[in-house]
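What follows is upload_21.cif (mmCIF, C-alpha atoms).
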```cif
data_model
loop_
_atom_site.label_atom_id
_atom_site.label_comp_id
_atom_site.auth_asym_id
_atom_site.auth_seq_id
_atom_site.Cartn_x
_atom_site.Cartn_y
_atom_site.Cartn_z
CA MET A 1 37.08 -175.97 -46.11
CA SER A 2 34.69 -173.66 -44.24
CA LYS A 3 35.68 -171.18 -41.58
CA MET A 4 34.23 -173.51 -38.95
CA ASP A 5 36.62 -176.21 -40.08
CA ALA A 6 39.66 -174.08 -39.26
CA PRO A 7 42.21 -175.62 -36.89
CA THR A 8 42.08 -174.29 -33.35
CA GLY A 9 44.81 -172.80 -31.16
CA ALA A 10 45.42 -170.54 -28.18
CA ASP A 11 46.20 -167.55 -30.40
CA GLU A 12 43.36 -166.98 -32.88
CA ARG A 13 45.75 -165.29 -35.30
CA TYR A 14 47.78 -168.49 -35.57
CA PRO A 15 45.57 -171.60 -35.32
CA THR A 16 47.53 -174.74 -34.47
CA ALA A 17 47.71 -177.38 -37.19
CA PHE A 18 47.62 -181.04 -36.20
CA THR A 19 46.17 -182.84 -39.23
CA VAL A 20 46.90 -182.80 -42.94
CA ASP A 21 43.68 -180.83 -43.47
CA ASP A 22 44.74 -178.34 -40.77
CA PHE A 23 48.04 -177.70 -42.52
CA ARG A 24 46.39 -177.34 -45.91
CA TYR A 25 43.92 -174.85 -44.41
CA ASN A 26 46.69 -172.72 -42.89
CA LEU A 27 48.80 -172.90 -46.04
CA ALA A 28 45.86 -171.82 -48.19
CA ALA A 29 45.18 -168.89 -45.86
CA VAL A 30 48.80 -167.69 -46.03
CA GLU A 31 48.98 -168.17 -49.79
CA SER A 32 45.78 -166.17 -50.19
CA ARG A 33 47.25 -163.26 -48.21
CA ILE A 34 50.46 -163.45 -50.24
CA ALA A 35 48.37 -163.22 -53.42
CA GLU A 36 46.43 -160.23 -52.07
CA ALA A 37 49.64 -158.41 -51.14
CA ALA A 38 51.19 -159.18 -54.52
CA HIS A 39 48.16 -157.94 -56.42
CA ARG A 40 48.13 -154.68 -54.43
CA THR A 41 51.52 -153.84 -55.96
CA GLY A 42 50.96 -155.33 -59.39
CA ARG A 43 53.10 -158.40 -58.77
CA ASP A 44 52.53 -162.00 -59.81
CA PRO A 45 52.03 -164.10 -56.63
CA ARG A 46 53.97 -166.89 -58.33
CA GLU A 47 57.11 -164.74 -57.87
CA VAL A 48 56.90 -165.37 -54.11
CA THR A 49 58.11 -168.62 -52.53
CA LEU A 50 56.56 -169.61 -49.21
CA LEU A 51 59.10 -171.21 -46.87
CA PRO A 52 57.35 -172.92 -43.92
CA VAL A 53 59.44 -172.65 -40.74
CA SER A 54 59.10 -175.54 -38.30
CA LYS A 55 61.29 -174.30 -35.44
CA THR A 56 60.21 -175.72 -32.03
CA VAL A 57 57.58 -177.92 -33.71
CA PRO A 58 57.77 -181.61 -32.65
CA THR A 59 58.82 -184.01 -35.39
CA GLU A 60 55.49 -185.84 -35.18
CA ARG A 61 53.69 -182.71 -36.40
CA VAL A 62 56.45 -181.92 -38.89
CA ARG A 63 55.87 -185.31 -40.50
CA VAL A 64 52.18 -184.47 -40.89
CA ALA A 65 53.14 -181.12 -42.42
CA ILE A 66 55.33 -182.92 -44.95
CA GLN A 67 52.45 -185.26 -45.75
CA SER A 68 50.32 -182.20 -46.52
CA GLY A 69 52.68 -181.33 -49.37
CA MET A 70 55.56 -179.29 -47.90
CA ARG A 71 58.88 -180.15 -49.53
CA LEU A 72 61.24 -177.48 -48.14
CA LEU A 73 61.20 -176.49 -44.46
CA GLY A 74 63.16 -173.83 -42.61
CA GLU A 75 64.90 -174.16 -39.24
CA ASN A 76 66.81 -171.63 -37.15
CA LYS A 77 69.02 -173.99 -35.20
CA VAL A 78 71.34 -176.38 -37.01
CA GLN A 79 71.08 -178.99 -34.27
CA GLU A 80 67.30 -179.05 -34.48
CA ALA A 81 67.39 -179.20 -38.27
CA ALA A 82 69.92 -182.06 -38.26
CA ARG A 83 67.79 -184.05 -35.82
CA LYS A 84 64.61 -183.53 -37.82
CA ASN A 85 66.44 -184.33 -41.05
CA GLY A 86 67.35 -187.70 -39.59
CA GLU A 87 63.87 -188.29 -38.20
CA THR A 88 62.23 -187.54 -41.57
CA ALA A 89 64.81 -189.28 -43.76
CA ASP A 90 62.10 -191.58 -45.14
CA LEU A 91 60.12 -188.59 -46.48
CA ASP A 92 60.67 -186.28 -49.45
CA VAL A 93 61.78 -183.07 -47.73
CA SER A 94 64.75 -180.68 -47.78
CA TRP A 95 65.95 -178.22 -45.16
CA SER A 96 66.83 -174.53 -45.26
CA ILE A 97 68.94 -173.14 -42.39
CA ILE A 98 67.72 -169.61 -41.73
CA GLY A 99 69.42 -168.79 -38.41
CA HIS A 100 72.83 -167.61 -37.26
CA LEU A 101 75.59 -170.16 -37.87
CA GLN A 102 78.70 -170.74 -35.80
CA THR A 103 81.70 -171.97 -37.75
CA ASN A 104 81.86 -175.20 -35.73
CA LYS A 105 78.42 -176.13 -37.13
CA ALA A 106 79.45 -175.65 -40.77
CA ARG A 107 80.10 -179.37 -41.22
CA ASP A 108 76.50 -180.20 -40.28
CA VAL A 109 75.08 -177.64 -42.73
CA ALA A 110 77.37 -178.88 -45.49
CA ALA A 111 76.21 -182.44 -44.86
CA PHE A 112 72.47 -182.03 -45.40
CA ALA A 113 71.14 -178.49 -45.93
CA ALA A 114 69.58 -177.50 -49.25
CA GLU A 115 70.24 -173.81 -48.62
CA PHE A 116 71.60 -171.40 -46.01
CA GLN A 117 69.89 -168.05 -45.63
CA ALA A 118 72.01 -166.30 -42.98
CA LEU A 119 75.50 -165.84 -44.42
CA ASP A 120 77.02 -162.72 -42.87
CA ARG A 121 80.71 -163.44 -42.19
CA LEU A 122 83.61 -164.52 -44.39
CA ARG A 123 84.74 -166.92 -41.65
CA VAL A 124 81.46 -168.78 -42.08
CA ALA A 125 81.80 -168.70 -45.87
CA GLU A 126 85.29 -170.17 -45.57
CA ALA A 127 84.17 -172.89 -43.15
CA LEU A 128 81.21 -173.85 -45.33
CA ASP A 129 83.31 -173.88 -48.50
CA ARG A 130 85.91 -176.15 -46.92
CA ARG A 131 83.28 -178.61 -45.69
CA LEU A 132 81.33 -178.52 -48.94
CA GLN A 133 84.45 -179.22 -50.99
CA ALA A 134 85.12 -182.25 -48.80
CA ALA A 135 81.54 -183.41 -49.30
CA GLY A 136 81.67 -182.81 -53.05
CA ARG A 137 78.63 -180.56 -53.14
CA SER A 138 77.59 -176.91 -53.37
CA LEU A 139 75.09 -174.81 -51.45
CA ASP A 140 72.64 -172.01 -52.23
CA VAL A 141 73.14 -169.04 -49.89
CA PHE A 142 71.51 -165.73 -49.07
CA VAL A 143 73.57 -162.90 -47.58
CA GLN A 144 72.01 -161.57 -44.37
CA VAL A 145 71.93 -157.80 -43.91
CA ASN A 146 71.00 -156.00 -40.68
CA THR A 147 68.53 -153.45 -42.03
CA SER A 148 67.10 -152.43 -38.64
CA ALA A 149 70.45 -151.24 -37.17
CA GLU A 150 69.68 -153.18 -33.98
CA ASP A 151 72.66 -154.49 -32.02
CA SER A 152 70.65 -157.61 -31.17
CA LYS A 153 70.28 -158.58 -34.83
CA PHE A 154 72.71 -160.70 -36.79
CA GLY A 155 73.60 -159.70 -40.33
CA MET A 156 76.15 -157.27 -41.70
CA PRO A 157 75.73 -153.49 -41.80
CA PRO A 158 74.42 -152.37 -45.20
CA GLU A 159 77.61 -150.46 -46.00
CA GLU A 160 79.65 -153.68 -45.79
CA LEU A 161 77.59 -155.55 -48.36
CA PRO A 162 79.45 -154.54 -51.57
CA ALA A 163 82.85 -155.69 -50.28
CA PHE A 164 81.34 -158.88 -48.89
CA LEU A 165 79.76 -159.76 -52.24
CA GLU A 166 83.06 -159.08 -53.99
CA ALA A 167 84.82 -161.58 -51.72
CA LEU A 168 82.32 -164.44 -52.10
CA PRO A 169 83.38 -165.73 -55.57
CA SER A 170 86.54 -167.05 -53.88
CA TYR A 171 84.32 -169.67 -52.22
CA GLU A 172 83.35 -171.67 -55.27
CA THR A 173 80.90 -174.03 -53.58
CA LEU A 174 78.63 -171.19 -52.47
CA ARG A 175 75.94 -170.07 -54.93
CA VAL A 176 74.62 -166.63 -54.01
CA ARG A 177 70.89 -166.34 -54.65
CA GLY A 178 70.19 -162.98 -53.05
CA LEU A 179 69.76 -161.16 -49.75
CA MET A 180 67.94 -161.84 -46.48
CA THR A 181 66.88 -159.66 -43.55
CA LEU A 182 64.81 -159.55 -40.38
CA ALA A 183 62.66 -156.47 -39.88
CA ILE A 184 62.46 -154.68 -36.57
CA LEU A 185 59.94 -156.24 -34.16
CA THR A 186 57.46 -153.39 -33.75
CA PRO A 187 53.78 -152.69 -34.42
CA ASP A 188 54.91 -149.61 -36.36
CA GLU A 189 54.36 -150.80 -39.94
CA ALA A 190 56.28 -147.84 -41.38
CA ARG A 191 59.42 -148.92 -39.50
CA VAL A 192 58.99 -152.51 -40.67
CA ARG A 193 58.48 -151.39 -44.25
CA GLU A 194 61.69 -149.32 -44.12
CA CYS A 195 63.70 -152.47 -43.35
CA PHE A 196 62.30 -154.31 -46.35
CA SER A 197 62.59 -151.30 -48.64
CA LEU A 198 66.26 -150.91 -47.69
CA LEU A 199 67.02 -154.53 -48.58
CA ARG A 200 65.35 -154.07 -51.96
CA THR A 201 67.39 -150.92 -52.56
CA LEU A 202 70.61 -152.76 -51.66
CA ARG A 203 69.70 -155.56 -54.07
CA ASP A 204 68.93 -153.09 -56.85
CA GLN A 205 72.23 -151.29 -56.27
CA ALA A 206 74.14 -154.57 -56.36
CA ARG A 207 72.43 -155.49 -59.62
CA GLU A 208 73.55 -152.18 -61.10
CA ASP A 209 77.12 -152.24 -59.77
CA ALA A 210 78.02 -155.93 -59.93
CA PRO A 211 75.19 -158.08 -61.33
CA ASP A 212 77.33 -161.21 -61.46
CA LEU A 213 77.73 -161.17 -57.66
CA ILE A 214 74.07 -161.13 -56.57
CA GLY A 215 72.85 -164.25 -58.34
CA ALA A 216 69.13 -164.16 -59.08
CA GLY A 217 68.80 -161.21 -56.72
CA GLU A 218 66.16 -162.84 -54.56
CA LEU A 219 64.88 -161.14 -51.40
CA SER A 220 64.12 -163.36 -48.40
CA MET A 221 62.19 -161.20 -45.97
CA GLY A 222 59.00 -161.36 -43.94
CA MET A 223 57.71 -163.67 -41.21
CA SER A 224 54.24 -164.49 -39.85
CA GLY A 225 53.64 -160.99 -38.49
CA ASP A 226 54.88 -158.98 -41.46
CA TYR A 227 55.06 -161.14 -44.60
CA GLN A 228 52.34 -159.19 -46.41
CA ILE A 229 54.33 -155.96 -46.04
CA ALA A 230 57.42 -157.84 -47.25
CA VAL A 231 55.60 -159.03 -50.37
CA GLU A 232 54.46 -155.46 -51.06
CA GLU A 233 58.11 -154.39 -50.82
CA GLY A 234 59.38 -157.05 -53.22
CA ALA A 235 60.03 -160.24 -51.24
CA THR A 236 60.60 -163.32 -53.36
CA CYS A 237 60.71 -165.62 -50.30
CA VAL A 238 58.75 -165.27 -47.06
CA ARG A 239 59.66 -167.37 -44.02
CA VAL A 240 56.43 -168.24 -42.22
CA GLY A 241 56.22 -170.37 -39.08
CA GLN A 242 53.39 -169.58 -36.66
CA ALA A 243 50.81 -168.77 -39.33
CA ILE A 244 51.28 -172.30 -40.69
CA PHE A 245 52.17 -174.44 -37.66
CA GLY A 246 50.44 -172.46 -34.92
CA ALA A 247 51.38 -170.03 -32.16
CA ARG A 248 54.51 -170.78 -30.16
CA ALA A 249 54.63 -170.75 -26.38
CA LEU A 250 56.81 -167.65 -26.35
CA PRO A 251 57.02 -164.64 -28.72
CA ASP A 252 59.51 -164.23 -31.59
CA SER A 253 61.52 -161.82 -29.46
CA TYR A 254 62.50 -164.84 -27.33
CA TYR A 255 63.30 -167.25 -30.17
CA TRP A 256 64.82 -164.85 -32.67
CA PRO A 257 67.39 -163.46 -32.93
CA GLU A 258 69.33 -166.15 -31.14
CA GLY A 259 72.23 -165.33 -28.89
#
```

Will you turn the file into structure tokens for me?
Amino acid sequence: MSKMDAPTGADERYPTAFTVDDFRYNLAAVESRIAEAAHRTGRDPREVTLLPVSKTVPTERVRVAIQSGMRLLGENKVQEAARKNGETADLDVSWSIIGHLQTNKARDVAAFAAEFQALDRLRVAEALDRRLQAAGRSLDVFVQVNTSAEDSKFGMPPEELPAFLEALPSYETLRVRGLMTLAILTPDEARVRECFSLLRTLRDQAREDAPDLIGAGELSMGMSGDYQIAVEEGATCVRVGQAIFGARALPDSYYWPEG
């Protein structure tokens, strides 16, 4: 597809995708930048999973995205994910919950989610484990760490991670795959990079101290504005919304973090 065939949108950085070809164009562009970032640090781009995030996107366009080849989609809000799960039940797609979870929503996550990327409290682990046992299934989880030290961010303080990981084996339905973080929202790339570097350091320390507790040791970090930096710092999963679906009406600072 030529540059002139690119989908159009209000924000030129994030062209809005409406058709299957639009989505394939945007996906190819993101995957190309992931590959460039990986090669800059001597990594294999195949080590990085791209998780498209469809938050706020109408189901009609989500269905087109699925038709373009997406098989796992991320959502911040459980209610929105549950609704879209029902509205796309006829299609081959799974859902990753990547936003803050209240314990009263654990039943919904246990019912349909393929993975949960924002585990940061034992109360949530307990609620999920209870619901998953009742449903007879297990769930892949990432532990969310607040690497920016912002009060507005969810995730546990880095110093609490070792004890948290030690407690998780008690919840047998939860399969820890690694760690997740949100970088600080700033144009200062050095500050952003520090957040990702800290998560990698925490993962490496966990691998050294208690390798059985960190699972595969994956690192879910990076969004549309910073995923290339995240890949350079070792991300194995990047959560990309606007660069695939198109610019949202309001900035990330409004949508995320929630609450």

Quiz prompt | Residue neighbourhood Leu132 in chain A, 8 Å, all atoms listed in the file, exclusion window fewer than 5 positions, as a ChimeraX atom specification | solution = /A:107,110-111,137-139,173

Quiz item: Quick one: residues within 9 Å of Val176 in chain A, all atoms listed in the file counted, chain neighbours fewer than 4 positions away excluded, as a list of chain:residue names?
Solution: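 That gives A:Leu139, A:Asp140, A:Val141, A:Phe142, A:Val143, A:Leu165, A:Leu168, A:Pro169, A:Leu213, A:Ile214, A:Gly215, A:Ala216, A:Gly217.
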
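Separating CA of Met221 in chain A from CA of Ala113 in chain A is a distance of 19.5 Å.
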
Quiz item: Which value, in Å to one decimal, gives the distance between CA of Leu202 in chain A and CA of Val145 in chain A?
Solution: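 These two atoms are separated by 9.3 Å.
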
Quiz prompt | Chain and number of each residue from the PyMOL selection byres ((chain A and resi 131) around 12), as a ChimeraX atom specification | solution = /A:103-112,124-130,132-139,171-174

Practice problem: Would you list the contacts of Ala243 in chain A as a list of chain:residue names, taking every protein, DNA or RNA residue within 8 Å and counting all atoms listed in the file, but skipping same-chain residues closer than 6 positions in sequence? | Solution: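 Residues meeting the cut-off are A:Arg13, A:Tyr14, A:Pro15, A:Asn26, A:Val30, A:Ser224.
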
Excluding same-chain residues fewer than 4 positions from Glu87 in chain A, what lies within 10 Å of it counting all atoms listed in the file, as an mmCIF file with C-alpha atoms, in the coordinates of the input?
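Writing done, so here's out-v8.cif:
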```cif
data_model
loop_
_atom_site.group_PDB
_atom_site.id
_atom_site.type_symbol
_atom_site.label_atom_id
_atom_site.label_comp_id
_atom_site.auth_asym_id
_atom_site.auth_seq_id
_atom_site.Cartn_x
_atom_site.Cartn_y
_atom_site.Cartn_z
ATOM 1 C CA THR A 59 58.820 -184.010 -35.390
ATOM 2 C CA GLU A 60 55.490 -185.840 -35.180
ATOM 3 C CA VAL A 62 56.450 -181.920 -38.890
ATOM 4 C CA ARG A 63 55.870 -185.310 -40.500
ATOM 5 C CA ALA A 81 67.390 -179.200 -38.270
ATOM 6 C CA ALA A 82 69.920 -182.060 -38.260
ATOM 7 C CA ARG A 83 67.790 -184.050 -35.820
ATOM 8 C CA LEU A 91 60.120 -188.590 -46.480
#
```

Quiz item: So what does the PyMOL selection byres ((chain A and resi 92-97) around 6) actually pick up in this one, as JSON, numbers by chain?
Solution: {"A": [71, 72, 73, 74, 75, 76, 91, 98, 99, 113, 114, 115, 116]}

Quiz item: Which one is closest to Val78 in chain A: A:Val240, A:Ala118, A:Leu50, A:Ala163? Count only C-alpha atoms.
Solution: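 The answer is A:Ala118, which sits nearest to Val78 in chain A.
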
Filled-in N, CA, C and O atoms of range 162-175 of chain A, supplied as a tab-separated table (two decimals), in the frame of the given file:
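Writing done, so here's out.tsv:
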```tsv
chain	number	residue	atom	x	y	z
A	162	PRO	N	78.71	-154.46	-50.30
A	162	PRO	CA	79.45	-154.54	-51.57
A	162	PRO	C	80.76	-155.30	-51.46
A	162	PRO	O	81.07	-156.17	-52.30
A	163	ALA	N	81.55	-155.01	-50.44
A	163	ALA	CA	82.85	-155.69	-50.28
A	163	ALA	C	82.65	-157.17	-49.98
A	163	ALA	O	83.43	-158.02	-50.45
A	164	PHE	N	81.62	-157.48	-49.22
A	164	PHE	CA	81.34	-158.88	-48.89
A	164	PHE	C	80.99	-159.66	-50.16
A	164	PHE	O	81.50	-160.76	-50.39
A	165	LEU	N	80.13	-159.09	-50.99
A	165	LEU	CA	79.76	-159.76	-52.24
A	165	LEU	C	80.97	-159.95	-53.15
A	165	LEU	O	81.10	-160.98	-53.82
A	166	GLU	N	81.86	-158.97	-53.15
A	166	GLU	CA	83.06	-159.08	-53.99
A	166	GLU	C	83.97	-160.21	-53.54
A	166	GLU	O	84.69	-160.80	-54.36
A	167	ALA	N	83.94	-160.53	-52.25
A	167	ALA	CA	84.82	-161.58	-51.72
A	167	ALA	C	84.25	-162.98	-51.92
A	167	ALA	O	85.01	-163.96	-51.93
A	168	LEU	N	82.95	-163.12	-52.09
A	168	LEU	CA	82.32	-164.44	-52.10
A	168	LEU	C	82.70	-165.34	-53.28
A	168	LEU	O	82.73	-166.57	-53.11
A	169	PRO	N	83.00	-164.82	-54.48
A	169	PRO	CA	83.38	-165.73	-55.57
A	169	PRO	C	84.60	-166.60	-55.25
A	169	PRO	O	84.81	-167.63	-55.91
A	170	SER	N	85.39	-166.22	-54.26
A	170	SER	CA	86.54	-167.05	-53.88
A	170	SER	C	86.09	-168.38	-53.29
A	170	SER	O	86.87	-169.35	-53.26
A	171	TYR	N	84.85	-168.45	-52.83
A	171	TYR	CA	84.32	-169.67	-52.22
A	171	TYR	C	83.40	-170.34	-53.25
A	171	TYR	O	82.19	-170.08	-53.30
A	172	GLU	N	84.00	-171.19	-54.05
A	172	GLU	CA	83.35	-171.67	-55.27
A	172	GLU	C	82.15	-172.57	-55.02
A	172	GLU	O	81.32	-172.75	-55.91
A	173	THR	N	82.03	-173.14	-53.83
A	173	THR	CA	80.90	-174.03	-53.58
A	173	THR	C	79.64	-173.28	-53.15
A	173	THR	O	78.58	-173.88	-53.03
A	174	LEU	N	79.77	-171.99	-52.92
A	174	LEU	CA	78.63	-171.19	-52.47
A	174	LEU	C	77.98	-170.48	-53.66
A	174	LEU	O	78.64	-169.74	-54.39
A	175	ARG	N	76.69	-170.69	-53.84
A	175	ARG	CA	75.94	-170.07	-54.93
A	175	ARG	C	75.04	-168.97	-54.34
A	175	ARG	O	74.04	-169.29	-53.68
```
